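Containing compact mmCIF, C-alpha atoms and all ligand atoms: final_14.txt.
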```txt
# COMPACT_ATOMS: atom_id res chain seq x y z
CA MET A 106 -57.48 -83.67 -80.63
CA ASP A 107 -55.22 -80.70 -79.98
CA PHE A 108 -54.10 -80.01 -76.42
CA GLN A 109 -51.89 -77.06 -77.39
CA LEU A 110 -52.79 -73.45 -76.68
CA ASN A 111 -52.86 -71.17 -79.72
CA GLU A 112 -50.90 -67.92 -79.98
CA GLN A 113 -53.72 -65.73 -78.62
CA GLN A 114 -54.27 -68.07 -75.68
CA GLU A 115 -50.58 -68.11 -74.80
CA MET A 116 -50.50 -64.34 -75.11
CA ILE A 117 -53.35 -63.70 -72.65
CA ARG A 118 -52.03 -66.33 -70.22
CA ASP A 119 -48.57 -64.75 -70.26
CA MET A 120 -49.96 -61.23 -69.92
CA ALA A 121 -52.16 -62.24 -66.96
CA ARG A 122 -49.25 -64.18 -65.40
CA LYS A 123 -46.92 -61.18 -65.59
CA PHE A 124 -49.54 -58.82 -64.20
CA ALA A 125 -50.41 -61.30 -61.44
CA ASP A 126 -46.78 -61.71 -60.41
CA GLU A 127 -45.83 -58.04 -60.60
CA ARG A 128 -48.97 -56.25 -59.42
CA ILE A 129 -51.31 -58.63 -57.61
CA ALA A 130 -49.11 -61.10 -55.70
CA PRO A 131 -47.25 -58.42 -53.71
CA MET A 132 -50.59 -57.13 -52.37
CA ALA A 133 -52.38 -60.45 -51.83
CA ASP A 134 -51.44 -60.86 -48.18
CA LYS A 135 -52.56 -57.29 -47.36
CA THR A 136 -55.76 -57.71 -49.38
CA ASP A 137 -56.58 -60.77 -47.27
CA LYS A 138 -55.50 -59.50 -43.87
CA GLU A 139 -57.14 -56.10 -44.21
CA HIS A 140 -60.26 -57.40 -45.99
CA ARG A 141 -59.44 -54.76 -48.57
CA PHE A 142 -61.20 -54.54 -51.94
CA PRO A 143 -58.34 -54.16 -54.49
CA ALA A 144 -59.97 -51.25 -56.37
CA GLU A 145 -56.84 -50.02 -58.20
CA ILE A 146 -56.02 -53.55 -59.42
CA ILE A 147 -59.56 -54.05 -60.72
CA GLU A 148 -59.30 -50.74 -62.56
CA GLU A 149 -56.04 -51.83 -64.23
CA MET A 150 -57.56 -55.19 -65.09
CA GLY A 151 -60.40 -53.34 -66.81
CA GLU A 152 -57.91 -51.43 -68.93
CA MET A 153 -56.25 -54.75 -69.88
CA GLY A 154 -59.55 -56.27 -71.03
CA LEU A 155 -59.70 -58.75 -68.17
CA MET A 156 -63.14 -57.71 -66.90
CA GLY A 157 -64.90 -58.74 -70.12
CA VAL A 158 -62.58 -61.25 -71.75
CA ALA A 159 -65.24 -63.09 -73.78
CA VAL A 160 -67.30 -60.01 -74.66
CA PRO A 161 -66.99 -58.70 -78.25
CA GLU A 162 -64.97 -55.53 -78.64
CA GLU A 163 -68.02 -53.58 -79.87
CA TYR A 164 -69.50 -54.06 -76.38
CA GLY A 165 -66.37 -53.03 -74.50
CA GLY A 166 -64.76 -56.47 -74.06
CA ALA A 167 -61.52 -58.09 -75.22
CA GLY A 168 -63.28 -60.02 -78.00
CA MET A 169 -61.80 -63.38 -77.04
CA GLY A 170 -63.39 -66.61 -75.80
CA TYR A 171 -64.02 -68.61 -72.65
CA VAL A 172 -60.77 -70.56 -72.97
CA GLU A 173 -58.87 -67.27 -72.85
CA TYR A 174 -61.01 -66.18 -69.89
CA VAL A 175 -60.17 -69.39 -68.02
CA LEU A 176 -56.44 -69.03 -68.71
CA ALA A 177 -56.45 -65.47 -67.36
CA MET A 178 -58.63 -66.41 -64.36
CA GLU A 179 -56.22 -69.15 -63.32
CA GLU A 180 -53.27 -66.77 -63.36
CA ILE A 181 -55.04 -63.96 -61.50
CA SER A 182 -56.40 -66.36 -58.87
CA ARG A 183 -52.97 -67.96 -58.41
CA ALA A 184 -51.81 -64.60 -57.11
CA CYS A 185 -54.99 -63.64 -55.24
CA ALA A 186 -58.23 -65.62 -55.03
CA SER A 187 -60.18 -62.53 -53.90
CA THR A 188 -59.20 -60.67 -57.06
CA GLY A 189 -60.07 -63.83 -58.99
CA VAL A 190 -63.65 -64.02 -57.77
CA ILE A 191 -64.24 -60.30 -58.36
CA MET A 192 -63.12 -60.84 -61.96
CA SER A 193 -65.09 -64.07 -62.33
CA VAL A 194 -68.42 -62.63 -61.19
CA ASN A 195 -68.09 -59.62 -63.49
CA ASN A 196 -67.12 -61.74 -66.52
CA SER A 197 -69.31 -64.78 -66.26
CA LEU A 198 -72.23 -63.94 -63.97
CA VAL A 199 -72.83 -60.42 -65.25
CA CYS A 200 -71.35 -59.68 -68.69
CA ASP A 201 -72.16 -63.11 -70.10
CA PRO A 202 -75.95 -63.03 -69.41
CA ILE A 203 -76.30 -59.40 -70.55
CA LEU A 204 -74.55 -60.36 -73.79
CA LYS A 205 -76.79 -63.38 -74.20
CA PHE A 206 -80.17 -62.08 -73.00
CA GLY A 207 -79.89 -58.28 -73.02
CA THR A 208 -81.55 -55.90 -75.45
CA GLU A 209 -79.34 -53.70 -77.63
CA GLU A 210 -80.09 -50.76 -75.31
CA GLN A 211 -79.14 -52.79 -72.22
CA LYS A 212 -75.91 -53.85 -73.88
CA LYS A 213 -74.99 -50.27 -74.74
CA LYS A 214 -75.98 -48.90 -71.35
CA TYR A 215 -74.70 -51.67 -69.06
CA LEU A 216 -72.49 -54.15 -70.89
CA VAL A 217 -70.08 -51.62 -72.40
CA PRO A 218 -69.04 -50.07 -69.03
CA LEU A 219 -69.07 -53.46 -67.26
CA ALA A 220 -66.97 -55.30 -69.85
CA SER A 221 -64.47 -52.46 -70.09
CA GLY A 222 -64.07 -52.40 -66.31
CA LYS A 223 -65.45 -48.89 -65.83
CA LYS A 224 -68.25 -50.36 -63.76
CA LEU A 225 -68.50 -53.47 -61.62
CA GLY A 226 -71.30 -56.02 -61.63
CA ALA A 227 -72.88 -58.48 -59.20
CA PHE A 228 -75.34 -61.37 -59.48
CA SER A 229 -78.01 -61.75 -56.83
CA LEU A 230 -79.97 -64.98 -56.81
CA SER A 231 -79.66 -66.46 -53.30
CA GLU A 232 -81.85 -65.71 -50.31
CA SER A 233 -81.99 -67.05 -46.76
CA GLY A 234 -84.47 -69.73 -47.89
CA ALA A 235 -83.21 -70.08 -51.47
CA GLY A 236 -79.64 -71.39 -51.61
CA SER A 237 -79.28 -74.79 -53.29
CA ASP A 238 -83.04 -74.61 -53.86
CA ALA A 239 -82.60 -71.53 -56.02
CA ALA A 240 -86.17 -71.69 -57.35
CA ALA A 241 -87.53 -70.89 -53.87
CA VAL A 242 -86.95 -67.14 -54.45
CA SER A 243 -89.36 -65.12 -52.29
CA CYS A 244 -88.25 -61.62 -53.27
CA ARG A 245 -91.30 -60.16 -55.01
CA ALA A 246 -91.54 -57.90 -58.08
CA ARG A 247 -95.04 -56.43 -58.43
CA GLU A 248 -96.03 -54.86 -61.75
CA ASP A 249 -97.11 -51.24 -61.42
CA GLY A 250 -97.62 -49.16 -64.56
CA ASP A 251 -94.39 -49.00 -66.50
CA SER A 252 -92.34 -50.33 -63.56
CA PHE A 253 -91.90 -53.26 -61.23
CA VAL A 254 -91.80 -52.62 -57.50
CA LEU A 255 -89.41 -54.95 -55.69
CA ASN A 256 -89.50 -56.01 -52.05
CA GLY A 257 -87.44 -58.59 -50.20
CA THR A 258 -83.96 -59.48 -49.01
CA LYS A 259 -81.17 -61.16 -50.96
CA LEU A 260 -78.05 -62.82 -49.53
CA TRP A 261 -74.50 -63.93 -50.38
CA CYS A 262 -73.90 -61.47 -53.17
CA THR A 263 -70.23 -61.37 -54.23
CA ASN A 264 -69.10 -57.81 -55.20
CA GLY A 265 -72.33 -56.60 -53.57
CA ASN A 266 -70.75 -53.73 -51.66
CA GLU A 267 -68.93 -52.23 -54.67
CA ALA A 268 -71.20 -53.20 -57.58
CA ASP A 269 -72.62 -50.45 -59.79
CA VAL A 270 -75.03 -52.84 -61.51
CA VAL A 271 -76.71 -55.94 -60.09
CA ILE A 272 -78.56 -58.69 -61.94
CA LEU A 273 -81.20 -59.57 -59.38
CA PHE A 274 -83.80 -62.34 -59.50
CA ALA A 275 -87.30 -61.80 -58.11
CA SER A 276 -90.67 -63.44 -58.51
CA THR A 277 -93.06 -61.58 -60.81
CA ASP A 278 -95.63 -64.39 -60.76
CA PRO A 279 -95.34 -66.39 -57.52
CA ASP A 280 -98.15 -68.80 -58.47
CA LYS A 281 -95.98 -70.04 -61.35
CA GLY A 282 -93.09 -71.22 -59.17
CA SER A 283 -89.75 -71.33 -61.01
CA HIS A 284 -91.55 -70.15 -64.18
CA GLY A 285 -92.58 -66.98 -62.34
CA ILE A 286 -89.04 -65.75 -61.62
CA SER A 287 -87.68 -62.82 -63.67
CA ALA A 288 -84.28 -61.13 -63.87
CA PHE A 289 -83.74 -57.38 -63.38
CA LEU A 290 -80.87 -54.98 -63.92
CA ILE A 291 -80.63 -52.73 -60.86
CA GLU A 292 -78.35 -49.74 -60.60
CA LYS A 293 -76.61 -48.74 -57.39
CA GLY A 294 -78.33 -45.74 -55.86
CA THR A 295 -81.82 -46.74 -57.00
CA PRO A 296 -84.18 -45.59 -54.21
CA GLY A 297 -85.34 -48.51 -52.09
CA PHE A 298 -82.25 -50.62 -52.90
CA SER A 299 -79.57 -50.83 -50.20
CA VAL A 300 -76.63 -52.94 -49.14
CA GLY A 301 -77.28 -54.61 -45.78
CA LYS A 302 -74.95 -56.82 -43.73
CA LEU A 303 -71.49 -57.58 -45.09
CA GLU A 304 -70.28 -61.09 -44.25
CA ASP A 305 -67.07 -61.64 -42.28
CA LYS A 306 -65.61 -64.65 -44.07
CA LEU A 307 -63.03 -67.42 -43.66
CA GLY A 308 -61.44 -66.69 -47.04
CA ILE A 309 -61.63 -64.53 -50.19
CA ARG A 310 -61.59 -61.65 -47.74
CA GLY A 311 -60.74 -58.97 -50.29
CA SER A 312 -64.08 -59.49 -52.02
CA SER A 313 -67.33 -58.40 -50.44
CA THR A 314 -70.27 -60.71 -49.77
CA ALA A 315 -73.36 -58.64 -49.19
CA GLU A 316 -76.99 -58.72 -48.24
CA PHE A 317 -79.34 -56.55 -50.33
CA VAL A 318 -82.49 -55.01 -48.94
CA LEU A 319 -85.28 -54.02 -51.34
CA GLU A 320 -87.99 -51.75 -49.97
CA ASP A 321 -90.50 -50.61 -52.58
CA CYS A 322 -87.64 -50.41 -55.05
CA ARG A 323 -89.06 -49.20 -58.37
CA ILE A 324 -87.38 -50.60 -61.49
CA PRO A 325 -88.43 -49.50 -64.99
CA LYS A 326 -89.80 -52.30 -67.14
CA GLU A 327 -87.02 -51.85 -69.68
CA ASN A 328 -84.61 -53.09 -67.00
CA MET A 329 -86.00 -56.61 -67.09
CA LEU A 330 -83.27 -58.89 -68.43
CA GLY A 331 -84.70 -61.48 -70.79
CA GLU A 332 -88.37 -62.40 -70.83
CA ARG A 333 -90.74 -62.29 -67.89
CA GLY A 334 -90.78 -65.70 -66.16
CA LYS A 335 -87.50 -66.80 -67.76
CA GLY A 336 -85.32 -65.68 -64.84
CA TYR A 337 -84.71 -69.13 -63.36
CA LYS A 338 -83.52 -70.49 -66.69
CA ILE A 339 -81.33 -67.42 -67.22
CA ALA A 340 -79.83 -68.02 -63.75
CA LEU A 341 -79.07 -71.70 -64.43
CA ILE A 342 -77.63 -71.04 -67.89
CA THR A 343 -75.50 -68.25 -66.40
CA LEU A 344 -74.31 -70.49 -63.57
CA ASP A 345 -73.22 -73.12 -66.11
CA GLY A 346 -70.72 -70.53 -67.37
CA GLY A 347 -69.95 -69.17 -63.90
CA ARG A 348 -68.95 -72.59 -62.59
CA ILE A 349 -66.23 -72.81 -65.25
CA GLY A 350 -64.86 -69.51 -63.91
CA ILE A 351 -64.88 -70.86 -60.35
CA ALA A 352 -63.10 -74.00 -61.56
CA ALA A 353 -60.42 -71.74 -63.05
CA GLN A 354 -60.19 -69.83 -59.78
CA ALA A 355 -59.73 -73.15 -57.97
CA LEU A 356 -56.98 -74.16 -60.43
CA GLY A 357 -55.16 -70.95 -59.59
CA ILE A 358 -55.42 -71.57 -55.84
CA GLY A 359 -54.25 -75.17 -56.29
CA LYS A 360 -51.31 -74.06 -58.44
CA ALA A 361 -50.32 -71.44 -55.86
CA ALA A 362 -50.34 -74.15 -53.18
CA LEU A 363 -48.22 -76.48 -55.32
CA ASP A 364 -45.72 -73.70 -56.10
CA ALA A 365 -45.43 -72.80 -52.41
CA ALA A 366 -45.02 -76.46 -51.41
CA ARG A 367 -42.31 -77.10 -54.03
CA LYS A 368 -40.35 -74.00 -53.00
CA PHE A 369 -40.56 -74.79 -49.30
CA ALA A 370 -39.68 -78.47 -49.80
CA GLN A 371 -36.55 -77.56 -51.74
CA GLU A 372 -35.42 -75.03 -49.13
CA ARG A 373 -36.33 -76.74 -45.87
CA GLN A 374 -33.54 -78.95 -44.51
CA GLN A 375 -34.18 -81.84 -42.13
CA PHE A 376 -32.01 -84.89 -41.41
CA GLY A 377 -29.23 -83.11 -43.29
CA LYS A 378 -31.00 -82.67 -46.64
CA PRO A 379 -33.89 -80.80 -48.29
CA ILE A 380 -37.20 -82.43 -47.42
CA SER A 381 -37.94 -82.61 -51.19
CA SER A 382 -35.51 -85.54 -51.31
CA PHE A 383 -37.87 -87.66 -49.17
CA GLN A 384 -40.33 -89.86 -51.00
CA ALA A 385 -43.17 -88.96 -48.59
CA ILE A 386 -42.92 -85.35 -49.78
CA GLN A 387 -42.36 -86.27 -53.44
CA TRP A 388 -45.54 -88.36 -53.50
CA MET A 389 -47.56 -85.48 -52.13
CA LEU A 390 -46.14 -83.17 -54.82
CA ALA A 391 -46.78 -85.79 -57.52
CA ASN A 392 -50.41 -86.25 -56.43
CA MET A 393 -50.97 -82.51 -56.30
CA ALA A 394 -49.56 -81.98 -59.81
CA THR A 395 -51.52 -84.92 -61.25
CA GLU A 396 -54.84 -83.91 -59.71
CA LEU A 397 -54.33 -80.33 -60.90
CA GLU A 398 -53.66 -81.44 -64.46
CA CYS A 399 -56.86 -83.59 -64.47
CA ALA A 400 -58.88 -80.62 -63.21
CA ARG A 401 -57.23 -78.31 -65.75
CA LEU A 402 -58.08 -80.55 -68.70
CA LEU A 403 -61.73 -80.77 -67.62
CA THR A 404 -61.90 -77.00 -67.17
CA TYR A 405 -60.36 -76.26 -70.57
CA GLU A 406 -62.72 -78.74 -72.19
CA ALA A 407 -65.78 -77.14 -70.56
CA ALA A 408 -64.60 -73.72 -71.74
CA SER A 409 -63.91 -74.87 -75.30
CA LEU A 410 -67.32 -76.56 -75.53
CA LYS A 411 -68.94 -73.30 -74.42
CA ASP A 412 -66.91 -71.41 -77.04
CA ALA A 413 -68.03 -73.91 -79.68
CA GLY A 414 -71.69 -73.39 -78.74
CA ARG A 415 -72.06 -77.05 -77.76
CA PRO A 416 -73.78 -78.44 -74.62
CA PHE A 417 -71.43 -78.14 -71.67
CA THR A 418 -73.58 -78.35 -68.50
CA ILE A 419 -72.08 -81.68 -67.39
CA TYR A 420 -68.52 -80.49 -68.03
CA SER A 421 -69.17 -77.28 -66.16
CA ALA A 422 -70.44 -79.19 -63.10
CA MET A 423 -67.62 -81.76 -63.36
CA CYS A 424 -64.83 -79.21 -63.68
CA LYS A 425 -66.11 -77.11 -60.77
CA LEU A 426 -66.40 -80.26 -58.66
CA LYS A 427 -62.98 -81.61 -59.60
CA ALA A 428 -61.09 -78.32 -59.52
CA SER A 429 -62.53 -77.16 -56.19
CA GLU A 430 -61.77 -80.45 -54.43
CA THR A 431 -58.32 -80.41 -56.01
CA ALA A 432 -57.70 -76.88 -54.73
CA SER A 433 -58.59 -77.95 -51.19
CA PHE A 434 -56.49 -81.12 -51.55
CA CYS A 435 -53.47 -79.18 -52.79
CA ALA A 436 -53.77 -76.47 -50.13
CA ASN A 437 -54.08 -79.11 -47.43
CA LYS A 438 -51.02 -81.01 -48.64
CA ALA A 439 -49.03 -77.80 -49.09
CA LEU A 440 -49.77 -76.87 -45.50
CA GLN A 441 -48.74 -80.34 -44.33
CA ILE A 442 -45.43 -80.04 -46.20
CA HIS A 443 -44.81 -76.71 -44.46
CA GLY A 444 -45.44 -78.33 -41.05
CA GLY A 445 -45.88 -75.82 -38.23
CA TYR A 446 -44.74 -72.94 -40.45
CA GLY A 447 -47.73 -73.55 -42.73
CA TYR A 448 -50.11 -73.10 -39.83
CA THR A 449 -48.92 -69.54 -39.30
CA THR A 450 -49.81 -66.43 -41.25
CA ASP A 451 -46.11 -65.94 -42.11
CA TYR A 452 -46.61 -68.27 -45.08
CA PRO A 453 -49.33 -68.05 -47.75
CA VAL A 454 -50.55 -71.66 -47.57
CA GLU A 455 -53.06 -71.08 -44.76
CA ARG A 456 -54.64 -68.39 -46.98
CA HIS A 457 -54.78 -70.84 -49.89
CA LEU A 458 -56.52 -73.39 -47.66
CA ARG A 459 -59.09 -70.81 -46.49
CA ASP A 460 -59.63 -69.51 -50.04
CA ALA A 461 -59.94 -73.00 -51.54
CA LYS A 462 -62.87 -73.99 -49.32
CA ILE A 463 -65.35 -71.53 -50.81
CA THR A 464 -64.84 -72.97 -54.31
CA GLU A 465 -66.56 -76.13 -53.03
CA ILE A 466 -69.55 -74.05 -51.93
CA TYR A 467 -70.41 -71.02 -54.06
CA GLU A 468 -72.09 -71.01 -57.47
CA GLY A 469 -73.61 -74.32 -56.39
CA THR A 470 -72.22 -76.59 -53.68
CA ASN A 471 -70.40 -79.70 -54.81
CA GLU A 472 -73.41 -81.70 -53.68
CA ILE A 473 -75.41 -79.73 -56.29
CA GLN A 474 -72.67 -80.33 -58.91
CA ARG A 475 -72.91 -84.09 -58.21
CA LEU A 476 -76.69 -83.82 -58.56
CA VAL A 477 -76.32 -82.10 -61.95
CA VAL A 478 -73.79 -84.71 -63.12
CA ALA A 479 -75.89 -87.63 -61.84
CA THR A 480 -79.06 -86.29 -63.49
CA LEU A 481 -77.30 -86.15 -66.87
CA VAL A 482 -75.57 -89.54 -66.36
CA LEU A 483 -78.95 -91.12 -65.62
CA LYS A 484 -80.24 -89.69 -68.89
CA GLY A 485 -77.26 -91.28 -70.68
CA LEU A 486 -75.85 -87.83 -71.44
CA HIS A 487 -72.45 -88.29 -69.81
CA GLY A 488 -69.04 -87.25 -71.24
CA LYS A 489 -67.21 -89.08 -74.01
CA GLY A 490 -66.98 -92.64 -72.74
N1 LIG A 501 -79.57 -74.78 -68.31
C1 LIG A 501 -80.79 -74.41 -68.76
N2 LIG A 501 -81.94 -74.83 -68.16
C2 LIG A 501 -81.82 -75.65 -67.11
C3 LIG A 501 -80.58 -76.07 -66.59
C4 LIG A 501 -79.41 -75.60 -67.25
N3 LIG A 501 -78.19 -75.94 -66.82
N4 LIG A 501 -80.79 -76.88 -65.55
C5 LIG A 501 -82.14 -76.98 -65.40
N5 LIG A 501 -82.75 -76.23 -66.35
C6 LIG A 501 -84.18 -76.04 -66.54
C7 LIG A 501 -84.91 -77.38 -66.71
O1 LIG A 501 -84.94 -77.75 -68.07
C8 LIG A 501 -86.28 -77.06 -66.19
O2 LIG A 501 -87.02 -76.35 -67.16
P1 LIG A 501 -88.62 -76.52 -67.27
O3 LIG A 501 -89.18 -76.16 -65.93
O4 LIG A 501 -89.00 -75.55 -68.35
O5 LIG A 501 -88.86 -77.96 -67.62
C9 LIG A 501 -86.00 -76.06 -65.05
O6 LIG A 501 -84.71 -75.48 -65.34
C10 LIG A 501 -85.93 -76.74 -63.69
O7 LIG A 501 -85.05 -77.81 -63.80
P2 LIG A 501 -84.86 -78.87 -62.65
O8 LIG A 501 -86.21 -79.34 -62.19
O9 LIG A 501 -83.87 -79.90 -63.09
O10 LIG A 501 -84.18 -77.97 -61.57
P3 LIG A 501 -84.44 -77.89 -60.05
O11 LIG A 501 -85.28 -76.69 -59.82
O12 LIG A 501 -84.84 -79.20 -59.49
O13 LIG A 501 -82.97 -77.56 -59.45
C11 LIG A 501 -80.65 -77.26 -59.30
C12 LIG A 501 -81.86 -77.59 -60.17
C13 LIG A 501 -79.50 -77.98 -59.96
C14 LIG A 501 -80.77 -77.74 -57.85
C15 LIG A 501 -80.47 -75.72 -59.36
O14 LIG A 501 -81.48 -75.05 -58.64
C16 LIG A 501 -79.13 -75.27 -58.84
O15 LIG A 501 -78.17 -75.25 -59.61
N6 LIG A 501 -79.06 -74.88 -57.54
C17 LIG A 501 -77.86 -74.23 -57.03
C18 LIG A 501 -77.97 -72.75 -57.17
C19 LIG A 501 -76.65 -72.05 -57.15
O16 LIG A 501 -75.70 -72.46 -57.80
N7 LIG A 501 -76.59 -70.94 -56.41
C20 LIG A 501 -75.43 -70.13 -56.37
C21 LIG A 501 -75.83 -68.69 -56.47
S1 LIG A 501 -74.60 -67.55 -57.01
C22 LIG A 501 -73.49 -67.45 -55.75
O17 LIG A 501 -72.95 -68.42 -55.34
C23 LIG A 501 -73.16 -66.13 -55.13
C24 LIG A 501 -72.20 -65.33 -55.89
O18 LIG A 501 -72.30 -64.10 -55.88
C25 LIG A 501 -71.02 -65.93 -56.57
```

As structure tokens, what does this structure read like?
Ligand code: CAA
Amino acid sequence: MDFQLNEQQEMIRDMARKFADERIAPMADKTDKEHRFPAEIIEEMGEMGLMGVAVPEEYGGAGMGYVEYVLAMEEISRACASTGVIMSVNNSLVCDPILKFGTEEQKKKYLVPLASGKKLGAFSLSESGAGSDAAAVSCRAREDGDSFVLNGTKLWCTNGNEADVVILFASTDPDKGSHGISAFLIEKGTPGFSVGKLEDKLGIRGSSTAEFVLEDCRIPKENMLGERGKGYKIALITLDGGRIGIAAQALGIGKAALDAARKFAQERQQFGKPISSFQAIQWMLANMATELECARLLTYEAASLKDAGRPFTIYSAMCKLKASETASFCANKALQIHGGYGYTTDYPVERHLRDAKITEIYEGTNEIQRLVVATLVLKGLHGKG
């Protein structure tokens, strides 16, 4: 068992850390306050290979693995959780399924620009009546000649307002339930496809969360991703990978909260000494660091199992569950350590608390992650023990 990072992994972590500190962190407050999509940062990240970390170089990516992706995600999200989720969706919810299920033509046409950061992707599964119950998709794709004609409304789509390409799930055969759902690649500007309401959110305010409206939107048959009726499975397999990315985002938020808490505790004087000298504060810092390290180990393990081509569904659910709750725990404690200062927007910890919350909700709520873990535990397919 080797818990050490190799040279390549250290290299990408250090590169992402430097970029995060120098370019992203100084803008994070503005990104949040102005609900501003960090377009220039995303462009630079594309040039650095961060928008398709685990995609082979021949398809425009950095040619690395999921462990490297997770290391970079943590660093980027430590500086700005909005930038983190934009990166995560493009890498794991868009590039990953095109690489896995796309035809050679789809890879050339869509994956190359997405993985190299020239285009941005989004993943559209949820609807008003299909959230946790993702199989309840009502958006309809009717076959018509050499096309499918799509009608319906999708919700909660991260990157939706800026995305050039969307992987969208619709029912081609409603009588077949989850086996009647298919995945489509839809380009921005396709007639009949429009962005509807943009959500005004508690956190991750620099990323958009959009509604999509499909009105007789005609998609050529060659834009179906994977086989007809396999969309639900493609979505769940994709989310297994996506949840590792969200776990890494949560690690970054938790680390940012710990860093802020440590700094403040060492500077803030009360009763004639820094508050870091009081055991009450030290125990909070110790618990934060310990919980973060547990979450980090689970996340790295999930990523390395995925890289090794081994089953990782339970680890993906566990790491998302653990890391997201740890991020909220750390942000909460960091705010407590800051006292009244932490409750103001003069310090970053209130942003970390707001950003942390969504990691417990999107790409499957933590209730769904517990359901996934419990289902596998009941089948005797739990971790190592
Ligand atoms: N990998 C591959 N296949 C899987 C799978 C997995 N991880 N999990 C289940 N399946 C397969 C099953 O084998 C089964 O196949 P068959 O029908 O061929 O037998 C099929 O999928 C259905 O399985 P279940 O009956 O176990 O699944 P279910 O329909 O009862 O529900 C669920 C499972 C866990 C509740 C699932 O629907 C789920 O994860 N829901 C949450 C959805 C979600 O995460 N949404 C987030 C959307 S993205 C987002 O947040 C927005 C964004 O932009 C970031």

Just want the 8 Å neighbourhood of Leu440 in chain A, counted on all atoms listed in the file, with same-chain residues fewer than 3 positions away dropped. Output as an NGL selection string. :A and (366 or 436-437 or 443-444 or 447-448 or 454-455 or 458)

Mind checking which residues fall within 10 Å of Met153 in chain A, counting all atoms listed in the file, ignoring those fewer than 4 positions away in the same chain, and posting them as a list in words?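 With the cut-off at 10 Å, the set is Ile117, Met120, Ala121, Phe124, Ile147, Glu148, Glu149, Gly157, Val158, Gly166, Ala167, Ser221 and Gly222 of chain A.
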
Could you take the residues named above and write them with C-alpha atoms, as a PDB file, keeping the file's coordinate frame?
```
ATOM      1  CA  ILE A 117     -53.350 -63.700 -72.650  1.00  0.00           C
ATOM      2  CA  MET A 120     -49.960 -61.230 -69.920  1.00  0.00           C
ATOM      3  CA  ALA A 121     -52.160 -62.240 -66.960  1.00  0.00           C
ATOM      4  CA  PHE A 124     -49.540 -58.820 -64.200  1.00  0.00           C
ATOM      5  CA  ILE A 147     -59.560 -54.050 -60.720  1.00  0.00           C
ATOM      6  CA  GLU A 148     -59.300 -50.740 -62.560  1.00  0.00           C
ATOM      7  CA  GLU A 149     -56.040 -51.830 -64.230  1.00  0.00           C
ATOM      8  CA  GLY A 157     -64.900 -58.740 -70.120  1.00  0.00           C
ATOM      9  CA  VAL A 158     -62.580 -61.250 -71.750  1.00  0.00           C
ATOM     10  CA  GLY A 166     -64.760 -56.470 -74.060  1.00  0.00           C
ATOM     11  CA  ALA A 167     -61.520 -58.090 -75.220  1.00  0.00           C
ATOM     12  CA  SER A 221     -64.470 -52.460 -70.090  1.00  0.00           C
ATOM     13  CA  GLY A 222     -64.070 -52.400 -66.310  1.00  0.00           C
TER      14      GLY A 222
END
```

Skip Ser237 in chain A itself and residues of its chain fewer than 5 positions away, then list as a PyMOL selection string all residues within 9 Å of it, counting only C-alpha atoms. chain A and resi 231+469-470+473

Enclosing box along x, y and z for every listed atom of ligand LIG 501 (chain A), padded 6 Å each side, centre and size in Å, one decimal, as JSON:
```
{"center_x": -80.1, "center_y": -72.0, "center_z": -61.9, "size_x": 30.2, "size_y": 27.8, "size_z": 25.6}
```

Could you pull the residues within 10 Å of Ala241 in chain A, counting only C-alpha atoms, minus those fewer than 5 positions along the same chain, as a VMD selection string? chain A and resid 231 to 236 276 279 282 to 283 286

Pick out the residues no farther than 7 Å from ligand LIG 501 (chain A), counting only C-alpha atoms and all ligand atoms, and list them as a PyMOL selection string. chain A and resi 194+227-231+236-240+261-263+283-284+337-338+341-342+344-345+418+467-470+473+476-477

Just checking: using only C-alpha atoms, which residue out of A:Ile463, A:Ala268, A:Asp126, A:Ala422 ends up closest to Leu481 in chain A? A:Ala422

What separates CA of His457 in chain A and CA of Ile129 in chain A is a distance of 14.9 Å

When distances are computed from all atoms listed in the file, which of A:Leu110, A:Ala432, A:Ala288, A:Ile339 shows the smallest separation from Glu398 in chain A?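 Ranked by minimum distance to Glu398 in chain A, first place goes to A:Ala432.
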
For a cut-off of 7 Å around (-58.0, -74.7, -69.4), file coordinates, pick out all residues using only C-alpha atoms and list them as a list in words.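 Residues found, by chain and rising number: Val172, Val175, Leu176, Arg401, Leu402, Thr404, Tyr405 and Glu406 of chain A.
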
May I have the selected residues written with C-alpha atoms, as a CSV table (one decimal), in the coordinates of the input?
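result-v7.csv, written as the output of this step:
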```csv
chain,number,residue,atom,x,y,z
A,172,VAL,CA,-60.8,-70.6,-73.0
A,175,VAL,CA,-60.2,-69.4,-68.0
A,176,LEU,CA,-56.4,-69.0,-68.7
A,401,ARG,CA,-57.2,-78.3,-65.8
A,402,LEU,CA,-58.1,-80.6,-68.7
A,404,THR,CA,-61.9,-77.0,-67.2
A,405,TYR,CA,-60.4,-76.3,-70.6
A,406,GLU,CA,-62.7,-78.7,-72.2
```

Just the number, please: distance in Å from CA of Lys224 in chain A to CA of Asp269 in chain A, one decimal.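 Taking CA of Lys224 in chain A as the start and CA of Asp269 in chain A as the end point, the length is 5.9 Å.
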
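Between CA of Ala340 in chain A and CA of Ala186 in chain A the separation is 23.4 Å.
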
For Cys424 in chain A: contacts at 12 Å, only C-alpha atoms, fewer than 4 positions along chain excluded, given as a PyMOL selection string: chain A and resi 175+345-356+396-408+417-420+428-432+464-465+471+474-475+477-478+488

Take the point (-49.4, -67.6, -62.4) in the file's coordinates, draw a sphere of radius 6 Å around it, and report as a ChimeraX atom specification every protein, DNA or RNA residue with an atom inside or on it, counting only C-alpha atoms. /A:122,180,183
